[in-house]
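Q: Sharing query_15.pdb, PDB, C-alpha atoms, pLDDT in the B column:
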ATOM      1  CA  MET A  22      18.641 -27.777  18.525  1.00 53.00           C
ATOM      2  CA  LYS A  23      18.128 -24.019  18.960  1.00 55.00           C
ATOM      3  CA  THR A  24      19.913 -23.415  15.673  1.00 53.00           C
ATOM      4  CA  VAL A  25      17.661 -25.843  13.821  1.00 43.00           C
ATOM      5  CA  THR A  26      14.548 -24.251  15.315  1.00 46.00           C
ATOM      6  CA  MET A  27      15.745 -20.753  14.421  1.00 46.00           C
ATOM      7  CA  MET A  28      16.605 -21.810  10.851  1.00 47.00           C
ATOM      8  CA  LEU A  29      13.166 -23.404  10.430  1.00 46.00           C
ATOM      9  CA  ALA A  30      11.409 -20.294  11.752  1.00 45.00           C
ATOM     10  CA  LEU A  31      13.510 -18.035   9.520  1.00 43.00           C
ATOM     11  CA  SER A  32      12.827 -20.113   6.410  1.00 46.00           C
ATOM     12  CA  LEU A  33       9.072 -20.119   7.112  1.00 42.00           C
ATOM     13  CA  TRP A  34       9.091 -16.360   7.576  1.00 42.00           C
ATOM     14  CA  LEU A  35      11.067 -15.748   4.373  1.00 42.00           C
ATOM     15  CA  SER A  36       8.867 -18.031   2.309  1.00 44.00           C
ATOM     16  CA  SER A  37       5.704 -16.340   3.600  1.00 44.00           C
ATOM     17  CA  CYS A  38       6.758 -13.017   2.098  1.00 46.00           C
ATOM     18  CA  GLY A  39       8.113 -14.635  -1.051  1.00 44.00           C
ATOM     19  CA  SER A  40       6.442 -14.874  -4.397  1.00 43.00           C
ATOM     20  CA  ASN A  41       3.341 -12.863  -5.091  1.00 44.00           C
ATOM     21  CA  GLU A  42       2.162 -15.274  -7.787  1.00 44.00           C
ATOM     22  CA  GLY A  43      -1.476 -16.151  -7.516  1.00 43.00           C
ATOM     23  CA  SER A  44      -2.279 -13.419  -5.012  1.00 43.00           C
ATOM     24  CA  SER A  45      -3.367 -11.034  -7.741  1.00 43.00           C
ATOM     25  CA  ALA A  46      -6.177 -13.339  -8.806  1.00 43.00           C
ATOM     26  CA  SER A  47      -7.141 -13.843  -5.177  1.00 43.00           C
ATOM     27  CA  ALA A  48      -7.124 -10.090  -4.534  1.00 44.00           C
ATOM     28  CA  ASP A  49      -9.146  -9.482  -7.692  1.00 45.00           C
ATOM     29  CA  SER A  50     -11.786 -12.020  -6.692  1.00 44.00           C
ATOM     30  CA  SER A  51     -11.866 -10.579  -3.166  1.00 44.00           C
ATOM     31  CA  ALA A  52     -12.360  -7.085  -4.586  1.00 44.00           C
ATOM     32  CA  GLN A  53     -15.197  -8.340  -6.785  1.00 45.00           C
ATOM     33  CA  ALA A  54     -16.810 -10.013  -3.803  1.00 43.00           C
ATOM     34  CA  ALA A  55     -16.518  -6.804  -1.790  1.00 43.00           C
ATOM     35  CA  SER A  56     -17.980  -4.860  -4.686  1.00 43.00           C
ATOM     36  CA  SER A  57     -21.052  -7.070  -4.796  1.00 41.00           C
ATOM     37  CA  GLU A  58     -21.379  -6.962  -1.009  1.00 44.00           C
ATOM     38  CA  SER A  59     -21.106  -3.195  -0.975  1.00 41.00           C
ATOM     39  CA  ALA A  60     -24.160  -2.917  -3.176  1.00 37.00           C
ATOM     40  CA  GLY A  61     -26.302  -4.697  -0.603  1.00 38.00           C
ATOM     41  CA  GLY A  62     -24.338  -4.823   2.631  1.00 46.00           C
ATOM     42  CA  ASN A  63     -22.163  -1.734   2.937  1.00 50.00           C
ATOM     43  CA  PRO A  64     -23.167   1.120   0.634  1.00 54.00           C
ATOM     44  CA  ASP A  65     -20.437   3.387   2.036  1.00 67.00           C
ATOM     45  CA  TYR A  66     -17.589   1.122   0.942  1.00 82.00           C
ATOM     46  CA  ASP A  67     -16.120   1.403  -2.546  1.00 89.00           C
ATOM     47  CA  PRO A  68     -13.332  -1.110  -3.311  1.00 91.00           C
ATOM     48  CA  LYS A  69     -11.873   1.199  -5.961  1.00 93.00           C
ATOM     49  CA  ARG A  70     -11.297   4.021  -3.489  1.00 93.00           C
ATOM     50  CA  GLY A  71     -11.257   2.175  -0.185  1.00 94.00           C
ATOM     51  CA  THR A  72     -12.538   3.857   2.921  1.00 92.00           C
ATOM     52  CA  GLY A  73     -11.532   7.326   4.028  1.00 93.00           C
ATOM     53  CA  LYS A  74     -11.851  10.995   3.191  1.00 94.00           C
ATOM     54  CA  PHE A  75     -10.370  10.834  -0.325  1.00 96.00           C
ATOM     55  CA  THR A  76     -13.025  10.269  -2.981  1.00 93.00           C
ATOM     56  CA  ASP A  77     -12.506  12.066  -6.304  1.00 90.00           C
ATOM     57  CA  VAL A  78      -8.771  12.736  -6.510  1.00 95.00           C
ATOM     58  CA  VAL A  79      -7.652  14.764  -9.514  1.00 94.00           C
ATOM     59  CA  ILE A  80      -4.077  14.013 -10.583  1.00 96.00           C
ATOM     60  CA  SER A  81      -2.070  16.070 -13.046  1.00 96.00           C
ATOM     61  CA  PRO A  82      -0.742  14.132 -16.041  1.00 96.00           C
ATOM     62  CA  THR A  83       2.705  15.654 -15.368  1.00 97.00           C
ATOM     63  CA  LEU A  84       4.820  15.225 -12.266  1.00 98.00           C
ATOM     64  CA  ASP A  85       5.090  17.929  -9.609  1.00 98.00           C
ATOM     65  CA  LYS A  86       8.826  17.557  -8.904  1.00 98.00           C
ATOM     66  CA  ALA A  87       8.819  19.737  -5.780  1.00 98.00           C
ATOM     67  CA  LEU A  88       5.994  17.682  -4.287  1.00 98.00           C
ATOM     68  CA  ALA A  89       7.785  14.452  -5.215  1.00 98.00           C
ATOM     69  CA  GLU A  90      10.918  15.691  -3.405  1.00 98.00           C
ATOM     70  CA  LYS A  91       8.843  16.296  -0.261  1.00 98.00           C
ATOM     71  CA  GLY A  92       7.463  12.791  -0.683  1.00 98.00           C
ATOM     72  CA  LYS A  93      10.975  11.357  -0.908  1.00 98.00           C
ATOM     73  CA  ALA A  94      11.913  13.092   2.346  1.00 98.00           C
ATOM     74  CA  THR A  95       8.817  11.670   4.054  1.00 98.00           C
ATOM     75  CA  SER A  96       9.506   8.223   2.596  1.00 98.00           C
ATOM     76  CA  ASP A  97      13.073   8.261   3.861  1.00 98.00           C
ATOM     77  CA  VAL A  98      11.810   8.872   7.406  1.00 97.00           C
ATOM     78  CA  LYS A  99       8.541   6.919   7.574  1.00 97.00           C
ATOM     79  CA  CYS A 100       8.457   4.320   4.777  1.00 97.00           C
ATOM     80  CA  GLY A 101      11.917   3.301   3.594  1.00 96.00           C
ATOM     81  CA  SER A 102      12.628   0.855   6.399  1.00 96.00           C
ATOM     82  CA  CYS A 103       9.763  -1.406   5.246  1.00 97.00           C
ATOM     83  CA  HIS A 104       9.246  -0.630   1.531  1.00 97.00           C
ATOM     84  CA  LYS A 105      11.621  -0.764  -1.422  1.00 97.00           C
ATOM     85  CA  LEU A 106      11.140   1.248  -4.606  1.00 97.00           C
ATOM     86  CA  THR A 107      11.390  -1.948  -6.661  1.00 97.00           C
ATOM     87  CA  ASP A 108       8.808  -4.739  -6.761  1.00 95.00           C
ATOM     88  CA  GLU A 109      10.826  -6.614  -4.128  1.00 96.00           C
ATOM     89  CA  LYS A 110       9.279  -7.075  -0.702  1.00 95.00           C
ATOM     90  CA  LEU A 111      11.181  -6.001   2.376  1.00 95.00           C
ATOM     91  CA  VAL A 112       8.793  -6.048   5.327  1.00 96.00           C
ATOM     92  CA  GLY A 113       5.981  -4.618   3.232  1.00 95.00           C
ATOM     93  CA  PRO A 114       5.473  -4.819  -0.524  1.00 96.00           C
ATOM     94  CA  GLY A 115       7.671  -2.964  -2.985  1.00 96.00           C
ATOM     95  CA  TRP A 116       6.291   0.231  -4.482  1.00 97.00           C
ATOM     96  CA  LYS A 117       7.095  -0.350  -8.159  1.00 98.00           C
ATOM     97  CA  GLY A 118       3.891  -0.112 -10.192  1.00 97.00           C
ATOM     98  CA  VAL A 119       1.652   0.685  -7.230  1.00 97.00           C
ATOM     99  CA  THR A 120       0.168   3.751  -8.934  1.00 97.00           C
ATOM    100  CA  SER A 121      -1.004   1.598 -11.838  1.00 96.00           C
ATOM    101  CA  ARG A 122      -2.452  -1.141  -9.601  1.00 96.00           C
ATOM    102  CA  HIS A 123      -4.558   1.139  -7.391  1.00 96.00           C
ATOM    103  CA  THR A 124      -6.496   4.363  -7.818  1.00 97.00           C
ATOM    104  CA  PRO A 125      -5.094   7.555  -6.288  1.00 98.00           C
ATOM    105  CA  ALA A 126      -7.992   7.649  -3.800  1.00 97.00           C
ATOM    106  CA  TRP A 127      -7.314   4.056  -2.691  1.00 97.00           C
ATOM    107  CA  ILE A 128      -3.611   4.759  -2.105  1.00 98.00           C
ATOM    108  CA  LEU A 129      -4.253   8.036  -0.260  1.00 98.00           C
ATOM    109  CA  ASN A 130      -6.965   6.447   1.882  1.00 97.00           C
ATOM    110  CA  PHE A 131      -4.681   3.520   2.704  1.00 97.00           C
ATOM    111  CA  MET A 132      -1.881   5.878   3.754  1.00 97.00           C
ATOM    112  CA  THR A 133      -4.113   8.079   5.922  1.00 97.00           C
ATOM    113  CA  ASN A 134      -6.667   5.527   7.153  1.00 96.00           C
ATOM    114  CA  THR A 135      -4.498   2.435   7.429  1.00 95.00           C
ATOM    115  CA  ASP A 136      -6.257   0.553  10.210  1.00 95.00           C
ATOM    116  CA  GLU A 137      -9.763   0.853   8.778  1.00 95.00           C
ATOM    117  CA  MET A 138      -8.544  -0.034   5.277  1.00 95.00           C
ATOM    118  CA  ILE A 139      -6.871  -3.201   6.566  1.00 95.00           C
ATOM    119  CA  ASN A 140     -10.030  -4.096   8.468  1.00 94.00           C
ATOM    120  CA  LYS A 141     -12.395  -3.548   5.487  1.00 94.00           C
ATOM    121  CA  ASP A 142     -10.506  -3.773   2.204  1.00 95.00           C
ATOM    122  CA  PRO A 143     -10.015  -7.251   0.698  1.00 95.00           C
ATOM    123  CA  VAL A 144      -6.945  -6.162  -1.309  1.00 94.00           C
ATOM    124  CA  ALA A 145      -5.257  -4.783   1.817  1.00 95.00           C
ATOM    125  CA  GLN A 146      -6.208  -7.962   3.688  1.00 95.00           C
ATOM    126  CA  ALA A 147      -4.724 -10.138   0.931  1.00 95.00           C
ATOM    127  CA  GLN A 148      -1.466  -8.169   1.149  1.00 94.00           C
ATOM    128  CA  LEU A 149      -1.443  -8.669   4.918  1.00 94.00           C
ATOM    129  CA  GLU A 150      -1.779 -12.426   4.379  1.00 95.00           C
ATOM    130  CA  ILE A 151       1.281 -12.349   2.116  1.00 93.00           C
ATOM    131  CA  CYS A 152       3.563 -10.241   4.300  1.00 92.00           C
ATOM    132  CA  LEU A 153       2.138 -11.195   7.716  1.00 93.00           C
ATOM    133  CA  VAL A 154       2.917  -7.752   9.118  1.00 93.00           C
ATOM    134  CA  ARG A 155       0.221  -5.150   9.615  1.00 95.00           C
ATOM    135  CA  MET A 156       1.313  -1.743   8.324  1.00 95.00           C
ATOM    136  CA  PRO A 157       1.454   0.657  11.264  1.00 95.00           C
ATOM    137  CA  ASN A 158      -0.485   3.893  11.058  1.00 93.00           C
ATOM    138  CA  GLN A 159       2.165   6.538  10.338  1.00 95.00           C
ATOM    139  CA  ASN A 160      -0.222   9.400  11.199  1.00 95.00           C
ATOM    140  CA  LEU A 161       0.437  11.065   7.869  1.00 97.00           C
ATOM    141  CA  SER A 162      -1.134  14.419   7.167  1.00 97.00           C
ATOM    142  CA  ASP A 163      -3.069  14.793   3.926  1.00 97.00           C
ATOM    143  CA  ASP A 164      -0.201  16.860   2.501  1.00 97.00           C
ATOM    144  CA  GLU A 165       2.368  14.192   3.433  1.00 98.00           C
ATOM    145  CA  ALA A 166       0.212  11.502   1.825  1.00 98.00           C
ATOM    146  CA  LYS A 167      -0.181  13.544  -1.369  1.00 98.00           C
ATOM    147  CA  SER A 168       3.575  14.147  -1.551  1.00 98.00           C
ATOM    148  CA  LEU A 169       4.249  10.432  -1.024  1.00 98.00           C
ATOM    149  CA  TYR A 170       1.807   9.619  -3.799  1.00 98.00           C
ATOM    150  CA  GLU A 171       3.646  12.018  -6.113  1.00 98.00           C
ATOM    151  CA  TYR A 172       6.943  10.334  -5.163  1.00 98.00           C
ATOM    152  CA  MET A 173       5.381   6.946  -5.996  1.00 98.00           C
ATOM    153  CA  ARG A 174       4.318   8.357  -9.386  1.00 98.00           C
ATOM    154  CA  GLN A 175       7.889   9.522  -9.986  1.00 98.00           C
ATOM    155  CA  ASN A 176       9.132   6.064  -9.064  1.00 98.00           C
ATOM    156  CA  ASP A 177       6.667   4.621 -11.599  1.00 98.00           C
ATOM    157  CA  GLY A 178       8.134   6.779 -14.361  1.00 97.00           C
ATOM    158  CA  VAL A 179       5.751   9.742 -14.568  1.00 97.00           C
ATOM    159  CA  LYS A 180       7.612  12.751 -15.965  1.00 95.00           C
TER     160      LYS A 180
END
Have the structure of the file written as structure tokens, please.

A:
Amino acid sequence: MKTVTMMLALSLWLSSCGSNEGSSASADSSAQAASSESAGGNPDYDPKRGTGKFTDVVISPTLDKALAEKGKATSDVKCGSCHKLTDEKLVGPGWKGVTSRHTPAWILNFMTNTDEMINKDPVAQAQLEICLVRMPNQNLSDDEAKSLYEYMRQNDGVK
């Protein structure tokens, strides 16, 4: 009986972090709803940048390889146990294509202001509903976050 219960629990857990089909539309509609709310309800919140200190982030069109290497080292220690570099989910979502799905400010704010982003951002909340695990705050410095972002860009094919 214990085996059956464990198998059922395992299959429910695996299916909850399965396909991401349909969540994009849900996240998009949630972002639009937040955008309209922010005009009247929360003027400080911008769904394109999230909430945090990063606002107008200027990104070079070419990759900073040294910065990306620092990002890889940080990823190996703080991120790799939950995130894959592909689009496959592990505990959290895969990183492939993340720099084309979100603005640099949104990604940097999510990395450095995780708890508040999950509490306020509809896209982050939709991802939480898919994976069912709240990303822990890794207490990244701004420099660590920027290097991780550059590593994500490298992973997405920026040369």

Q: Lys141 of chain A: which residues within 8 Å, counting only C-alpha atoms, same-chain residues fewer than 4 positions away excluded, as an MDAnalysis selection string?

A: chainID A and resid 72 137 146

Q: Report as a list in words all protein, DNA and RNA residues lying within 9 Å of Glu90 of chain A, evaluated on all atoms listed in the file, omitting residues in the same chain fewer than 5 positions from it.

A: Asp85, Thr95, Ser168, Leu169, Glu171 and Tyr172 of chain A

Q: Tell me, in Å to one decimal, how far atom CA of Phe75 of chain A is from atom CA of Thr133 of chain A.

A: 9.3 Å

Q: If you measure from atom CA of Lys167 of chain A to atom CA of Val98 of chain A, what distance in Å do you get, rounded to one decimal?

A: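 Between these atoms lies a distance of 15.6 Å.
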
Q: Hey, can you check how far atom CA of Leu111 of chain A sits from atom CA of Gly73 of chain A?

A: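 According to the coordinates, atom CA of Leu111 of chain A and atom CA of Gly73 of chain A are separated by 26.4 Å.
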
Q: Run the PyMOL selection byres ((chain A and resi 123) around 12) against the file shown and list the residues it catches, as a PyMOL selection string.

A: chain A and resi 48-49+52+68-71+116-122+124-131+144-145+170+173-174

Q: Box time for segment 100-106 of chain A: axis-aligned, enclosing all its listed atoms, 6 Å extra on each side; report centre and edge lengths in Å to one decimal, as lines of an AutoDock Vina configuration file.

A:
center_x = 10.5
center_y = 1.5
center_z = 0.9
size_x = 16.2
size_y = 17.7
size_z = 23.0

Q: Would you mind telling me which residue in A:Gln148, A:Asp164, A:Gln159, A:Val179 lies nearest to Thr83 of chain A when using all atoms listed in the file?

A: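 Of A:Gln148, A:Asp164, A:Gln159, A:Val179, the one nearest Thr83 of chain A, counting all atoms listed in the file, is A:Val179.
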
Q: Step by step, work through what the PyMOL selection byres ((chain A and resi 102) around 12) selects in the shown file, and finish by giving those residues as a PyMOL selection string.

A: chain A and resi 95-101+103-106+110-115+156

Q: Which residue out of A:Asn176, A:Leu149, A:Ala166, A:Lys91 has the minimum interatomic distance to Thr107 of chain A when only C-alpha atoms are used?

A: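 Result for the nearest residue to Thr107 of chain A: A:Asn176.
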
Q: Which of these, A:Asp136, A:Asp67, A:Asp142, A:Asp108, has the shortest distance to Asn160 of chain A once you count all atoms listed in the file?

A: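 So, comparing all the options, the nearest one is A:Asp136.
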
Q: Calculated over all atoms listed in the file, which of the candidates A:Asn158, A:Pro82, A:Ala94, A:Asp177 has the smallest distance to Asn134 of chain A?

A: A:Asn158
